[in-house]
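Source file: upload-v2.cif; contents: mmCIF, N, CA and C atoms and all ligand atoms.
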```
data_start
#
loop_
_atom_site.label_atom_id
_atom_site.label_comp_id
_atom_site.auth_asym_id
_atom_site.auth_seq_id
_atom_site.Cartn_x
_atom_site.Cartn_y
_atom_site.Cartn_z
N MET A 356 65.42 152.79 89.20
CA MET A 356 66.29 153.95 88.92
C MET A 356 65.80 154.64 87.65
N SER A 357 65.61 155.95 87.67
CA SER A 357 65.18 156.65 86.48
C SER A 357 66.33 156.70 85.47
N GLU A 358 65.96 156.98 84.21
CA GLU A 358 66.94 156.92 83.14
C GLU A 358 67.95 158.06 83.22
N VAL A 359 69.22 157.73 83.22
CA VAL A 359 70.29 158.71 83.15
C VAL A 359 71.30 158.18 82.15
N PRO A 360 72.12 159.05 81.57
CA PRO A 360 73.13 158.54 80.63
C PRO A 360 73.98 157.46 81.30
N THR A 361 74.30 156.44 80.53
CA THR A 361 75.00 155.28 81.07
C THR A 361 76.30 155.64 81.76
N ARG A 362 76.99 156.65 81.20
CA ARG A 362 78.30 156.99 81.75
C ARG A 362 78.25 158.24 82.64
N SER A 363 77.10 158.53 83.16
CA SER A 363 77.02 159.69 84.06
C SER A 363 77.66 159.36 85.41
N ARG A 364 78.06 160.42 86.11
CA ARG A 364 78.72 160.23 87.40
C ARG A 364 77.68 160.28 88.52
N GLY A 365 77.00 159.17 88.72
CA GLY A 365 75.99 159.12 89.77
C GLY A 365 76.63 158.90 91.13
N THR A 366 77.49 157.90 91.19
CA THR A 366 78.21 157.62 92.43
C THR A 366 79.48 156.87 92.07
N ILE A 367 80.28 156.60 93.07
CA ILE A 367 81.51 155.84 92.86
C ILE A 367 81.29 154.42 93.36
N ALA A 368 81.72 153.46 92.56
CA ALA A 368 81.58 152.05 92.91
C ALA A 368 82.93 151.46 93.25
N LEU A 369 82.93 150.52 94.18
CA LEU A 369 84.17 149.89 94.63
C LEU A 369 84.14 148.39 94.34
N LEU A 370 85.20 147.91 93.68
CA LEU A 370 85.41 146.47 93.54
C LEU A 370 86.43 146.09 94.61
N ALA A 371 85.92 145.71 95.77
CA ALA A 371 86.78 145.57 96.96
C ALA A 371 87.87 144.53 96.76
N GLU A 372 87.58 143.48 95.98
CA GLU A 372 88.58 142.43 95.78
C GLU A 372 89.85 142.97 95.12
N ASN A 373 89.73 144.04 94.38
CA ASN A 373 90.89 144.60 93.69
C ASN A 373 91.67 145.61 94.53
N CYS A 374 91.10 146.04 95.63
CA CYS A 374 91.75 147.07 96.44
C CYS A 374 92.89 146.47 97.24
N THR A 375 94.08 147.01 97.05
CA THR A 375 95.26 146.52 97.77
C THR A 375 95.61 147.39 98.97
N VAL A 376 94.74 148.33 99.27
CA VAL A 376 94.96 149.26 100.40
C VAL A 376 96.24 150.06 100.18
N CYS A 377 96.49 150.45 98.93
CA CYS A 377 97.69 151.23 98.64
C CYS A 377 97.58 152.66 99.17
N MET A 378 96.35 153.10 99.44
CA MET A 378 96.06 154.41 100.02
C MET A 378 96.25 155.58 99.06
N LEU A 379 96.50 155.29 97.79
CA LEU A 379 96.71 156.38 96.83
C LEU A 379 95.47 157.27 96.72
N CYS A 380 94.29 156.65 96.65
CA CYS A 380 93.06 157.45 96.51
C CYS A 380 92.85 158.32 97.75
N VAL A 381 93.17 157.79 98.91
CA VAL A 381 92.99 158.56 100.15
C VAL A 381 93.91 159.78 100.14
N ARG A 382 95.14 159.57 99.69
CA ARG A 382 96.11 160.68 99.69
C ARG A 382 95.79 161.72 98.63
N GLU A 383 95.29 161.26 97.48
CA GLU A 383 95.07 162.19 96.36
C GLU A 383 93.72 162.91 96.41
N CYS A 384 92.77 162.39 97.16
CA CYS A 384 91.46 163.06 97.24
C CYS A 384 91.64 164.46 97.83
N PRO A 385 91.26 165.49 97.07
CA PRO A 385 91.50 166.86 97.54
C PRO A 385 90.60 167.25 98.71
N ASP A 386 89.60 166.43 98.97
CA ASP A 386 88.61 166.78 99.99
C ASP A 386 88.67 165.89 101.22
N TRP A 387 89.57 164.94 101.22
CA TRP A 387 89.74 164.03 102.36
C TRP A 387 88.42 163.34 102.70
N CYS A 388 87.73 162.88 101.71
CA CYS A 388 86.44 162.24 102.02
C CYS A 388 86.49 160.72 101.90
N ILE A 389 87.68 160.15 101.70
CA ILE A 389 87.79 158.68 101.66
C ILE A 389 88.47 158.20 102.93
N GLU A 390 87.86 157.20 103.56
CA GLU A 390 88.46 156.57 104.76
C GLU A 390 88.55 155.07 104.51
N ILE A 391 89.68 154.51 104.91
CA ILE A 391 89.89 153.07 104.74
C ILE A 391 90.27 152.46 106.07
N ASP A 392 89.64 151.32 106.40
CA ASP A 392 90.06 150.51 107.54
C ASP A 392 90.69 149.24 106.97
N ALA A 393 91.83 148.86 107.52
CA ALA A 393 92.51 147.67 107.02
C ALA A 393 93.34 147.05 108.15
N HIS A 394 93.74 145.81 107.93
CA HIS A 394 94.66 145.18 108.87
C HIS A 394 95.74 144.46 108.06
N THR A 395 96.77 144.04 108.77
CA THR A 395 97.90 143.38 108.10
C THR A 395 97.88 141.89 108.43
N GLU A 396 98.09 141.08 107.41
CA GLU A 396 98.19 139.63 107.62
C GLU A 396 99.53 139.16 107.08
N THR A 397 100.07 138.14 107.72
CA THR A 397 101.32 137.55 107.24
C THR A 397 101.00 136.24 106.54
N ARG A 398 101.42 136.13 105.29
CA ARG A 398 101.09 134.94 104.50
C ARG A 398 102.36 134.33 103.91
N ASP A 399 102.31 133.00 103.75
CA ASP A 399 103.42 132.32 103.10
C ASP A 399 103.20 132.38 101.59
N PRO A 400 104.22 132.79 100.83
CA PRO A 400 104.06 132.83 99.37
C PRO A 400 103.82 131.42 98.83
N PRO A 401 102.98 131.27 97.79
CA PRO A 401 102.67 129.94 97.25
C PRO A 401 103.91 129.15 96.84
N GLY A 402 104.91 129.85 96.31
CA GLY A 402 106.11 129.15 95.83
C GLY A 402 107.18 128.98 96.90
N GLY A 403 106.87 129.25 98.13
CA GLY A 403 107.86 129.17 99.20
C GLY A 403 108.55 130.50 99.41
N GLY A 404 109.49 130.51 100.31
CA GLY A 404 110.20 131.75 100.61
C GLY A 404 109.70 132.39 101.89
N ARG A 405 110.22 133.57 102.14
CA ARG A 405 109.89 134.25 103.38
C ARG A 405 108.42 134.66 103.43
N PRO A 406 107.78 134.58 104.59
CA PRO A 406 106.40 135.07 104.72
C PRO A 406 106.32 136.53 104.34
N ARG A 407 105.23 136.91 103.73
CA ARG A 407 105.02 138.29 103.28
C ARG A 407 103.87 138.93 104.04
N GLN A 408 104.02 140.20 104.32
CA GLN A 408 102.93 140.93 104.97
C GLN A 408 102.02 141.55 103.91
N THR A 409 100.72 141.38 104.09
CA THR A 409 99.74 141.88 103.13
C THR A 409 98.70 142.72 103.86
N HIS A 410 98.32 143.83 103.24
CA HIS A 410 97.24 144.63 103.80
C HIS A 410 95.90 144.07 103.33
N VAL A 411 94.97 143.95 104.24
CA VAL A 411 93.65 143.41 103.90
C VAL A 411 92.60 144.46 104.24
N LEU A 412 91.74 144.72 103.25
CA LEU A 412 90.72 145.76 103.40
C LEU A 412 89.62 145.30 104.36
N ASP A 413 89.29 146.14 105.32
CA ASP A 413 88.16 145.87 106.23
C ASP A 413 86.94 146.71 105.85
N ASP A 414 87.16 147.99 105.65
CA ASP A 414 86.05 148.84 105.23
C ASP A 414 86.59 150.00 104.40
N PHE A 415 85.71 150.55 103.59
CA PHE A 415 86.08 151.63 102.67
C PHE A 415 84.89 152.57 102.66
N ARG A 416 85.11 153.82 103.01
CA ARG A 416 83.97 154.75 103.10
C ARG A 416 84.27 156.01 102.28
N ILE A 417 83.26 156.45 101.56
CA ILE A 417 83.33 157.75 100.89
C ILE A 417 82.21 158.61 101.43
N ASP A 418 82.56 159.81 101.86
CA ASP A 418 81.56 160.75 102.38
C ASP A 418 81.07 161.60 101.21
N PHE A 419 79.88 161.27 100.70
CA PHE A 419 79.35 162.03 99.57
C PHE A 419 78.76 163.37 99.99
N GLY A 420 78.81 163.66 101.28
CA GLY A 420 78.50 165.01 101.73
C GLY A 420 79.67 165.95 101.49
N LEU A 421 80.85 165.39 101.27
CA LEU A 421 82.05 166.18 101.00
C LEU A 421 82.51 166.06 99.56
N CYS A 422 82.33 164.88 98.99
CA CYS A 422 82.83 164.60 97.63
C CYS A 422 82.25 165.59 96.63
N PHE A 423 83.12 166.12 95.76
CA PHE A 423 82.60 167.00 94.71
C PHE A 423 82.82 166.38 93.32
N TYR A 424 82.91 165.07 93.28
CA TYR A 424 82.86 164.34 92.02
C TYR A 424 83.97 164.74 91.04
N CYS A 425 85.15 165.00 91.58
CA CYS A 425 86.26 165.38 90.69
C CYS A 425 86.77 164.17 89.91
N GLY A 426 86.64 162.98 90.47
CA GLY A 426 87.06 161.77 89.78
C GLY A 426 88.52 161.41 89.95
N ILE A 427 89.24 162.16 90.75
CA ILE A 427 90.67 161.88 90.91
C ILE A 427 90.89 160.47 91.47
N CYS A 428 90.08 160.07 92.43
CA CYS A 428 90.27 158.74 93.04
C CYS A 428 90.12 157.64 91.99
N VAL A 429 89.13 157.79 91.11
CA VAL A 429 88.90 156.79 90.07
C VAL A 429 90.10 156.76 89.11
N GLU A 430 90.61 157.94 88.80
CA GLU A 430 91.73 158.03 87.85
C GLU A 430 93.02 157.47 88.42
N VAL A 431 93.29 157.71 89.70
CA VAL A 431 94.61 157.34 90.23
C VAL A 431 94.68 155.90 90.70
N CYS A 432 93.55 155.25 90.91
CA CYS A 432 93.61 153.87 91.43
C CYS A 432 94.38 152.98 90.46
N PRO A 433 95.50 152.42 90.88
CA PRO A 433 96.31 151.63 89.95
C PRO A 433 95.79 150.21 89.78
N PHE A 434 94.77 149.83 90.53
CA PHE A 434 94.33 148.43 90.53
C PHE A 434 92.89 148.26 90.07
N ASP A 435 92.35 149.25 89.40
CA ASP A 435 90.96 149.16 88.87
C ASP A 435 89.98 148.72 89.94
N ALA A 436 90.03 149.40 91.05
CA ALA A 436 89.10 149.09 92.14
C ALA A 436 87.97 150.11 92.24
N LEU A 437 88.11 151.26 91.58
CA LEU A 437 87.09 152.31 91.66
C LEU A 437 86.57 152.63 90.27
N PHE A 438 85.26 152.84 90.19
CA PHE A 438 84.61 153.11 88.89
C PHE A 438 83.51 154.14 89.10
N TRP A 439 83.22 154.89 88.06
CA TRP A 439 82.01 155.71 88.07
C TRP A 439 80.82 154.82 87.78
N SER A 440 79.76 155.04 88.52
CA SER A 440 78.52 154.29 88.31
C SER A 440 77.38 155.28 88.11
N PRO A 441 76.46 154.98 87.18
CA PRO A 441 75.31 155.89 87.00
C PRO A 441 74.27 155.75 88.10
N ALA A 442 74.42 154.78 89.01
CA ALA A 442 73.47 154.67 90.14
C ALA A 442 73.49 155.99 90.91
N HIS A 443 72.31 156.52 91.20
CA HIS A 443 72.33 157.89 91.75
C HIS A 443 71.26 158.15 92.81
N GLU A 444 70.42 157.18 93.09
CA GLU A 444 69.32 157.47 94.01
C GLU A 444 69.73 157.14 95.44
N PHE A 445 70.47 158.07 96.04
CA PHE A 445 71.01 157.85 97.38
C PHE A 445 70.66 159.00 98.31
N ALA A 446 69.44 159.50 98.22
CA ALA A 446 69.06 160.59 99.12
C ALA A 446 69.13 160.12 100.57
N ALA A 447 69.52 161.02 101.46
CA ALA A 447 69.62 160.67 102.88
C ALA A 447 69.04 161.81 103.71
N THR A 448 68.58 161.47 104.88
CA THR A 448 67.99 162.50 105.76
C THR A 448 68.97 162.97 106.82
N SER A 449 70.18 162.42 106.79
CA SER A 449 71.21 162.87 107.75
C SER A 449 72.55 162.87 107.05
N ARG A 450 73.49 163.58 107.62
CA ARG A 450 74.85 163.59 107.04
C ARG A 450 75.47 162.20 107.06
N ALA A 451 75.20 161.46 108.13
CA ALA A 451 75.77 160.11 108.24
C ALA A 451 75.28 159.22 107.10
N GLY A 452 74.07 159.49 106.63
CA GLY A 452 73.52 158.68 105.55
C GLY A 452 74.21 158.92 104.22
N LEU A 453 74.99 159.98 104.12
CA LEU A 453 75.72 160.27 102.89
C LEU A 453 77.09 159.57 102.85
N VAL A 454 77.44 158.90 103.93
CA VAL A 454 78.69 158.14 103.96
C VAL A 454 78.40 156.73 103.46
N HIS A 455 78.97 156.37 102.32
CA HIS A 455 78.72 155.06 101.73
C HIS A 455 79.86 154.13 102.14
N ASP A 456 79.49 152.99 102.68
CA ASP A 456 80.51 152.04 103.12
C ASP A 456 80.83 151.03 102.01
N ARG A 457 81.68 150.12 102.35
CA ARG A 457 82.14 149.12 101.38
C ARG A 457 80.97 148.39 100.71
N ASP A 458 79.96 148.03 101.49
CA ASP A 458 78.84 147.28 100.93
C ASP A 458 78.04 148.13 99.94
N LEU A 459 77.76 149.36 100.34
CA LEU A 459 76.97 150.24 99.47
C LEU A 459 77.75 150.60 98.20
N LEU A 460 79.04 150.86 98.37
CA LEU A 460 79.88 151.15 97.20
C LEU A 460 79.97 149.94 96.28
N GLY A 461 79.93 148.75 96.87
CA GLY A 461 79.95 147.52 96.07
C GLY A 461 78.66 147.32 95.30
N GLU A 462 77.54 147.69 95.92
CA GLU A 462 76.25 147.53 95.23
C GLU A 462 76.19 148.39 93.97
N ALA A 463 76.88 149.52 93.99
CA ALA A 463 76.85 150.42 92.83
C ALA A 463 77.56 149.82 91.62
N LEU A 464 78.34 148.77 91.83
CA LEU A 464 79.06 148.13 90.72
C LEU A 464 78.11 147.57 89.67
N ALA A 465 76.95 147.13 90.12
CA ALA A 465 76.02 146.47 89.20
C ALA A 465 75.64 147.37 88.03
N ALA A 466 75.67 148.68 88.24
CA ALA A 466 75.25 149.61 87.18
C ALA A 466 76.43 150.12 86.34
N VAL A 467 77.66 149.72 86.69
CA VAL A 467 78.83 150.22 85.94
C VAL A 467 78.81 149.64 84.54
N PRO A 468 78.85 150.50 83.51
CA PRO A 468 78.83 149.97 82.13
C PRO A 468 80.17 149.34 81.77
N PRO A 469 80.16 148.43 80.79
CA PRO A 469 81.44 147.86 80.34
C PRO A 469 82.30 148.95 79.71
N PRO A 470 83.62 148.73 79.62
CA PRO A 470 84.49 149.74 79.03
C PRO A 470 84.09 150.00 77.58
N SER A 471 84.21 151.25 77.14
CA SER A 471 83.88 151.56 75.76
C SER A 471 85.03 151.12 74.87
N ALA A 472 84.74 151.08 73.55
CA ALA A 472 85.76 150.64 72.60
C ALA A 472 86.95 151.59 72.58
N HIS A 473 86.75 152.83 73.11
CA HIS A 473 87.83 153.81 73.07
C HIS A 473 88.72 153.76 74.29
N GLU A 474 88.31 153.00 75.29
CA GLU A 474 89.15 152.90 76.48
C GLU A 474 90.25 151.90 76.22
N PRO A 475 91.42 152.10 76.87
CA PRO A 475 92.50 151.14 76.68
C PRO A 475 92.08 149.76 77.16
N GLN A 476 92.60 148.77 76.50
CA GLN A 476 92.31 147.39 76.92
C GLN A 476 93.07 147.10 78.20
N GLY A 477 92.89 145.92 78.69
CA GLY A 477 93.64 145.53 79.88
C GLY A 477 92.94 145.92 81.15
N GLU A 478 91.64 145.69 81.23
CA GLU A 478 90.92 145.91 82.47
C GLU A 478 90.36 144.60 82.98
N PRO A 479 91.24 143.64 83.25
CA PRO A 479 90.75 142.33 83.67
C PRO A 479 89.98 142.41 84.97
N ALA A 480 90.20 143.49 85.72
CA ALA A 480 89.56 143.60 87.02
C ALA A 480 88.06 143.48 86.91
N ARG A 481 87.47 144.16 85.95
CA ARG A 481 86.01 144.19 85.87
C ARG A 481 85.46 142.84 85.42
N GLU A 482 86.31 142.03 84.76
CA GLU A 482 85.84 140.73 84.32
C GLU A 482 85.56 139.81 85.50
N GLN A 483 86.09 140.14 86.67
CA GLN A 483 85.94 139.26 87.82
C GLN A 483 84.58 139.38 88.47
N ARG A 484 83.79 140.40 88.13
CA ARG A 484 82.50 140.55 88.80
C ARG A 484 81.57 139.42 88.45
S1 LIG B 501 85.59 162.08 93.36
FE1 LIG B 501 87.18 163.53 94.10
S2 LIG B 501 86.33 164.43 95.97
FE2 LIG B 501 85.12 162.57 95.53
S3 LIG B 501 86.10 160.91 96.69
FE3 LIG B 501 87.02 160.90 94.65
S4 LIG B 501 88.86 162.21 94.81
FE4 LIG B 501 87.55 162.64 96.60
S1 LIG B 502 93.84 153.61 95.05
FE1 LIG B 502 92.62 151.79 94.56
S2 LIG B 502 93.81 150.05 95.37
FE2 LIG B 502 94.61 151.94 96.33
S3 LIG B 502 93.46 152.10 98.28
FE3 LIG B 502 92.34 153.32 96.73
S4 LIG B 502 90.81 151.88 95.87
FE4 LIG B 502 92.32 150.65 96.97
#
```
Spit out the file's structure as structure tokens when you get a sec.
Amino acid sequence: MSEVPTRSRGTIALLAENCTVCMLCVRECPDWCIEIDAHTETRDPPGGGRPRQTHVLDDFRIDFGLCFYCGICVEVCPFDALFWSPAHEFAATSRAGLVHDRDLLGEALAAVPPPSAHEPQGEPAREQR
């Protein structure tokens, strides 16, 4: 990857383990370029009690042929699952190639810089990588 500023908006990275399928990013994206596939599982709570239904992420796609890098999805995610990544070499020869799936969005995490000293603390999510 050629040198770009560490905090440049090259692409969006997904930490899938943190995504609760709340759908906030899908609803807030002004361009409708985020698609999520998920299913529901019923689990018993560790401490007992009634079984709970949980949404489980199957796939997460961003169409970078539509995305205009506004950053709203990154800002609104309440669970620190989306980050700006300086990774940027994603040229494609077809429109379909501009759709990044869960795996590709996950690979972009490797280039995400640690939070700066000016960002609020309390981002345990990134510590899990
Ligand atoms: S950066 Fe903006 S346009 Fe791109 S996926 Fe996020 S909300 Fe949508
Ligand atoms: S806002 Fe965050 S937690 Fe909610 S669906 Fe989008 S990435 Fe997942």
What lies within 7 Å of A:His410 using all atoms listed in the file, ignoring chain neighbours under 6 positions off, as a PDB file with N, CA and C atoms, in the coordinates of the input?
```pdb
ATOM      1  N   THR A 375      94.080 147.010  97.050  1.00  0.00           N
ATOM      2  CA  THR A 375      95.260 146.520  97.770  1.00  0.00           C
ATOM      3  C   THR A 375      95.610 147.390  98.970  1.00  0.00           C
ATOM      4  N   VAL A 376      94.740 148.330  99.270  1.00  0.00           N
ATOM      5  CA  VAL A 376      94.960 149.260 100.400  1.00  0.00           C
ATOM      6  C   VAL A 376      96.240 150.060 100.180  1.00  0.00           C
ATOM      7  N   ALA A 393      91.830 148.860 107.520  1.00  0.00           N
ATOM      8  CA  ALA A 393      92.510 147.670 107.020  1.00  0.00           C
ATOM      9  C   ALA A 393      93.340 147.050 108.150  1.00  0.00           C
ATOM     10  N   HIS A 394      93.740 145.810 107.930  1.00  0.00           N
ATOM     11  CA  HIS A 394      94.660 145.180 108.870  1.00  0.00           C
ATOM     12  C   HIS A 394      95.740 144.460 108.060  1.00  0.00           C
ATOM     13  N   THR A 395      96.770 144.040 108.770  1.00  0.00           N
ATOM     14  CA  THR A 395      97.900 143.380 108.100  1.00  0.00           C
ATOM     15  C   THR A 395      97.880 141.890 108.430  1.00  0.00           C
ATOM     16  N   GLU A 396      98.090 141.080 107.410  1.00  0.00           N
ATOM     17  CA  GLU A 396      98.190 139.630 107.620  1.00  0.00           C
ATOM     18  C   GLU A 396      99.530 139.160 107.080  1.00  0.00           C
TER      19      GLU A 396
END
```
Compute the set of protein, DNA and RNA residues whose minimum atom distance to ligand LIG 502 (chain B) is at most 6.5 Å, using all atoms listed in the file, and state it as a ChimeraX atom specification. /A:373-381,428,431-437
Let me have all residues with an atom within 6 Å of ligand LIG 501 (chain B), counting all atoms listed in the file, laid out as a PyMOL selection string. chain A and resi 383-389+417+421-429
Residues of the last selection are to be written out with N, CA and C atoms, as a PDB file, in the coordinates of the input.
```pdb
ATOM      1  N   GLU A 383      95.290 161.260  97.480  1.00  0.00           N
ATOM      2  CA  GLU A 383      95.070 162.190  96.360  1.00  0.00           C
ATOM      3  C   GLU A 383      93.720 162.910  96.410  1.00  0.00           C
ATOM      4  N   CYS A 384      92.770 162.390  97.160  1.00  0.00           N
ATOM      5  CA  CYS A 384      91.460 163.060  97.240  1.00  0.00           C
ATOM      6  C   CYS A 384      91.640 164.460  97.830  1.00  0.00           C
ATOM      7  N   PRO A 385      91.260 165.490  97.070  1.00  0.00           N
ATOM      8  CA  PRO A 385      91.500 166.860  97.540  1.00  0.00           C
ATOM      9  C   PRO A 385      90.600 167.250  98.710  1.00  0.00           C
ATOM     10  N   ASP A 386      89.600 166.430  98.970  1.00  0.00           N
ATOM     11  CA  ASP A 386      88.610 166.780  99.990  1.00  0.00           C
ATOM     12  C   ASP A 386      88.670 165.890 101.220  1.00  0.00           C
ATOM     13  N   TRP A 387      89.570 164.940 101.220  1.00  0.00           N
ATOM     14  CA  TRP A 387      89.740 164.030 102.360  1.00  0.00           C
ATOM     15  C   TRP A 387      88.420 163.340 102.700  1.00  0.00           C
ATOM     16  N   CYS A 388      87.730 162.880 101.710  1.00  0.00           N
ATOM     17  CA  CYS A 388      86.440 162.240 102.020  1.00  0.00           C
ATOM     18  C   CYS A 388      86.490 160.720 101.900  1.00  0.00           C
ATOM     19  N   ILE A 389      87.680 160.150 101.700  1.00  0.00           N
ATOM     20  CA  ILE A 389      87.790 158.680 101.660  1.00  0.00           C
ATOM     21  C   ILE A 389      88.470 158.200 102.930  1.00  0.00           C
ATOM     22  N   ILE A 417      83.260 156.450 101.560  1.00  0.00           N
ATOM     23  CA  ILE A 417      83.330 157.750 100.890  1.00  0.00           C
ATOM     24  C   ILE A 417      82.210 158.610 101.430  1.00  0.00           C
ATOM     25  N   LEU A 421      80.850 165.390 101.270  1.00  0.00           N
ATOM     26  CA  LEU A 421      82.050 166.180 101.000  1.00  0.00           C
ATOM     27  C   LEU A 421      82.510 166.060  99.560  1.00  0.00           C
ATOM     28  N   CYS A 422      82.330 164.880  98.990  1.00  0.00           N
ATOM     29  CA  CYS A 422      82.830 164.600  97.630  1.00  0.00           C
ATOM     30  C   CYS A 422      82.250 165.590  96.630  1.00  0.00           C
ATOM     31  N   PHE A 423      83.120 166.120  95.760  1.00  0.00           N
ATOM     32  CA  PHE A 423      82.600 167.000  94.710  1.00  0.00           C
ATOM     33  C   PHE A 423      82.820 166.380  93.320  1.00  0.00           C
ATOM     34  N   TYR A 424      82.910 165.070  93.280  1.00  0.00           N
ATOM     35  CA  TYR A 424      82.860 164.340  92.020  1.00  0.00           C
ATOM     36  C   TYR A 424      83.970 164.740  91.040  1.00  0.00           C
ATOM     37  N   CYS A 425      85.150 165.000  91.580  1.00  0.00           N
ATOM     38  CA  CYS A 425      86.260 165.380  90.690  1.00  0.00           C
ATOM     39  C   CYS A 425      86.770 164.170  89.910  1.00  0.00           C
ATOM     40  N   GLY A 426      86.640 162.980  90.470  1.00  0.00           N
ATOM     41  CA  GLY A 426      87.060 161.770  89.780  1.00  0.00           C
ATOM     42  C   GLY A 426      88.520 161.410  89.950  1.00  0.00           C
ATOM     43  N   ILE A 427      89.240 162.160  90.750  1.00  0.00           N
ATOM     44  CA  ILE A 427      90.670 161.880  90.910  1.00  0.00           C
ATOM     45  C   ILE A 427      90.890 160.470  91.470  1.00  0.00           C
ATOM     46  N   CYS A 428      90.080 160.070  92.430  1.00  0.00           N
ATOM     47  CA  CYS A 428      90.270 158.740  93.040  1.00  0.00           C
ATOM     48  C   CYS A 428      90.120 157.640  91.990  1.00  0.00           C
ATOM     49  N   VAL A 429      89.130 157.790  91.110  1.00  0.00           N
ATOM     50  CA  VAL A 429      88.900 156.790  90.070  1.00  0.00           C
ATOM     51  C   VAL A 429      90.100 156.760  89.110  1.00  0.00           C
TER      52      VAL A 429
END
```
Minimum-distance residue to A:Leu453, chosen among A:Leu412, A:Gly404, A:Gly420, A:Ile391 (using only N, CA and C atoms): A:Gly420
Between atom CA of A:Phe438 and atom CA of A:Asp413, what distance in Å does the model show, to one decimal?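 That distance, rounded to one decimal, is 19.1 Å.
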May I ask which of the residues A:Arg382, A:Arg416, A:Ala463, A:Pro400 is the closest one to A:Ala442, counting only C-alpha atoms? A:Ala463
Could you give me, as a PyMOL selection string, the residues within 6 Å of A:Phe415, counting only C-alpha atoms and dropping anything in the same chain fewer than 3 positions from it? chain A and resi 390-391+456-457
Skipping near chain neighbours, those fewer than 6 positions away, what residues fall within 8 Å of A:Leu460 using only C-alpha atoms, listed as JSON, numbers by chain? {"A": [367, 368, 369]}
Since fewer atoms than expected are present, regenerate all heavy atoms for stretch 431-436 of chain A and write them as an mmCIF file, in the frame of the given file.
```
data_model
loop_
_atom_site.group_PDB
_atom_site.id
_atom_site.type_symbol
_atom_site.label_atom_id
_atom_site.label_comp_id
_atom_site.auth_asym_id
_atom_site.auth_seq_id
_atom_site.Cartn_x
_atom_site.Cartn_y
_atom_site.Cartn_z
ATOM 1 N N VAL A 431 93.290 157.710 89.700
ATOM 2 C CA VAL A 431 94.610 157.340 90.230
ATOM 3 C C VAL A 431 94.680 155.900 90.700
ATOM 4 O O VAL A 431 95.787 155.373 90.884
ATOM 5 C CB VAL A 431 95.060 158.263 91.385
ATOM 6 C CG1 VAL A 431 95.159 159.716 90.929
ATOM 7 C CG2 VAL A 431 94.167 158.110 92.610
ATOM 8 N N CYS A 432 93.550 155.250 90.910
ATOM 9 C CA CYS A 432 93.610 153.870 91.430
ATOM 10 C C CYS A 432 94.380 152.980 90.460
ATOM 11 O O CYS A 432 93.936 152.787 89.330
ATOM 12 C CB CYS A 432 92.209 153.321 91.669
ATOM 13 S SG CYS A 432 92.268 151.589 92.213
ATOM 14 N N PRO A 433 95.500 152.420 90.880
ATOM 15 C CA PRO A 433 96.310 151.630 89.950
ATOM 16 C C PRO A 433 95.790 150.210 89.780
ATOM 17 O O PRO A 433 96.340 149.434 89.005
ATOM 18 C CB PRO A 433 97.696 151.619 90.601
ATOM 19 C CG PRO A 433 97.542 152.175 91.970
ATOM 20 C CD PRO A 433 96.118 152.544 92.207
ATOM 21 N N PHE A 434 94.770 149.830 90.530
ATOM 22 C CA PHE A 434 94.330 148.430 90.530
ATOM 23 C C PHE A 434 92.890 148.260 90.070
ATOM 24 O O PHE A 434 92.262 147.233 90.339
ATOM 25 C CB PHE A 434 94.513 147.846 91.937
ATOM 26 C CG PHE A 434 95.947 147.864 92.370
ATOM 27 C CD1 PHE A 434 96.415 148.831 93.248
ATOM 28 C CD2 PHE A 434 96.843 146.945 91.858
ATOM 29 C CE1 PHE A 434 97.747 148.865 93.632
ATOM 30 C CE2 PHE A 434 98.180 146.970 92.238
ATOM 31 C CZ PHE A 434 98.637 147.939 93.123
ATOM 32 N N ASP A 435 92.350 149.250 89.400
ATOM 33 C CA ASP A 435 90.960 149.160 88.870
ATOM 34 C C ASP A 435 89.980 148.720 89.940
ATOM 35 O O ASP A 435 89.189 147.802 89.750
ATOM 36 C CB ASP A 435 90.902 148.200 87.683
ATOM 37 C CG ASP A 435 91.558 148.778 86.442
ATOM 38 O OD1 ASP A 435 91.584 150.015 86.322
ATOM 39 O OD2 ASP A 435 92.043 148.003 85.617
ATOM 40 N N ALA A 436 90.030 149.400 91.050
ATOM 41 C CA ALA A 436 89.100 149.090 92.140
ATOM 42 C C ALA A 436 87.970 150.110 92.240
ATOM 43 O O ALA A 436 86.981 149.855 92.919
ATOM 44 C CB ALA A 436 89.848 149.019 93.477
#
```
